[in-house]
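Take a look at the structure set out below.
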Amino acid sequence: MLLNTIGIPATRPAPHVATLLAFLATLSLACWVGYGVDPHLADENHLMENIQAVALLLACLVHGWRASKLDKKSVGFMLHAGLSLLMYSFLLREVVIRDFGVPGNQFWPWTEHILRGIGWSCWVVYLVAFASRIRGIWALRWQLLATPVIITALCGAVLMASGWPFDKKKFHALSEQDSGFIEELLEMNAYIILLVGSASASLSEVRKEN
């Protein structure tokens with residue numbers, strides 16, 4: 001009954017928090033060691049950004065898949081469709097598609113324009129649908145905020161926001177390159193958390209446990 005009314009499908013529970021934190025700490029340490037060997041590790045379209053891109057692509061696909069299994073009028077569909085679009089937008093922000101290929105080739109710049117246009121069009125359609133269902137979503141706001149899928153999204157958002165002062169080079173004691181590395185490190189952790197969140201428990205699982 002809950003699945004029909006709320007419209008959020010059952011999924012595998014999120015990994016234990018300690019396991020996730022241990023993985024992120026290990027990956028961060030490996031990147032720090034790698035950065036000492038190759039300072040270009042955090043450059044545009046290099047290893048750390050590639051990890052981010054893969055995490056965002058997978059999170060986008062998982063949320064999109066979950067949304068596709070739901071009633072288009074359900075709160076669950078709006079939740080996962082919105083998060084899928086958000087991951088898509090982050091992905092286009094992180095991957096500089098226009099820099100692919102050889103200089104002067106207009107295929108990749110046009111591809112980027114097309115993909116961004118698709119994203120903006122989807123956002124317009126989504127926001128119109130969201131506005132028509134905002135009362136139902138608002139009525140479930142506290143239940144939604146308590147679910148792992150939203151909690152992980154908020155944790156990812158905090159980490160992303162934490163990278164802003166490093167992106168703007170606010171800490172003068174750090175070199176520009178070190179600031180860039182820390183920003184990419186925070187964003188990489190954020191996007192991996194978002195990926196974990198894409199497959200974590202939603203409102204229906206939390207209610208069942210209670």
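In the structure tokens, each chain is lettered A, B, ... as it comes, each chain's residues begin at 1, and ligands are numbered from 1 in order of appearance.
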| DSSP helix (DSSP H, G or I) residues within region 19-196 of chain A, listed as a ChimeraX atom specification | /A:19-37,39-42,47-68,75-94,97-99,107-132,134-139,141-145,148-162,164-167,176-196
So that each row is one residue of region 48-91 of chain A with an atom at most 10 Å from region 143-149 of chain A, can you give its shortest atom pair and the distance in Å to one decimal, using only C-alpha atoms, rows by chain and rising number, as a Markdown table?
```
| residue | atom | partner | partner_atom | distance |
| --- | --- | --- | --- | --- |
| A:Val75 | CA | A:Leu144 | CA | 9.7 |
| A:Gly76 | CA | A:Leu144 | CA | 9.7 |
| A:Leu79 | CA | A:Leu144 | CA | 9.1 |
| A:His80 | CA | A:Val149 | CA | 9.4 |
| A:Leu83 | CA | A:Val149 | CA | 9.7 |
```
| message | When you look at Asn45 (chain A) with a cut-off of 10 Å (counting only C-alpha atoms), what residues show up, excluding the ones that are within fewer than 6 positions of it in the same chain? I need them as a VMD selection string. | response | chain A and resid 51 to 53 94 to 97 99 to 100
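Distance annotation: of A:Trp32, A:Gly119, A:Thr19, A:Leu56, the residue with the minimal separation from Leu85 (chain A) is A:Gly119; atom set is only C-alpha atoms.
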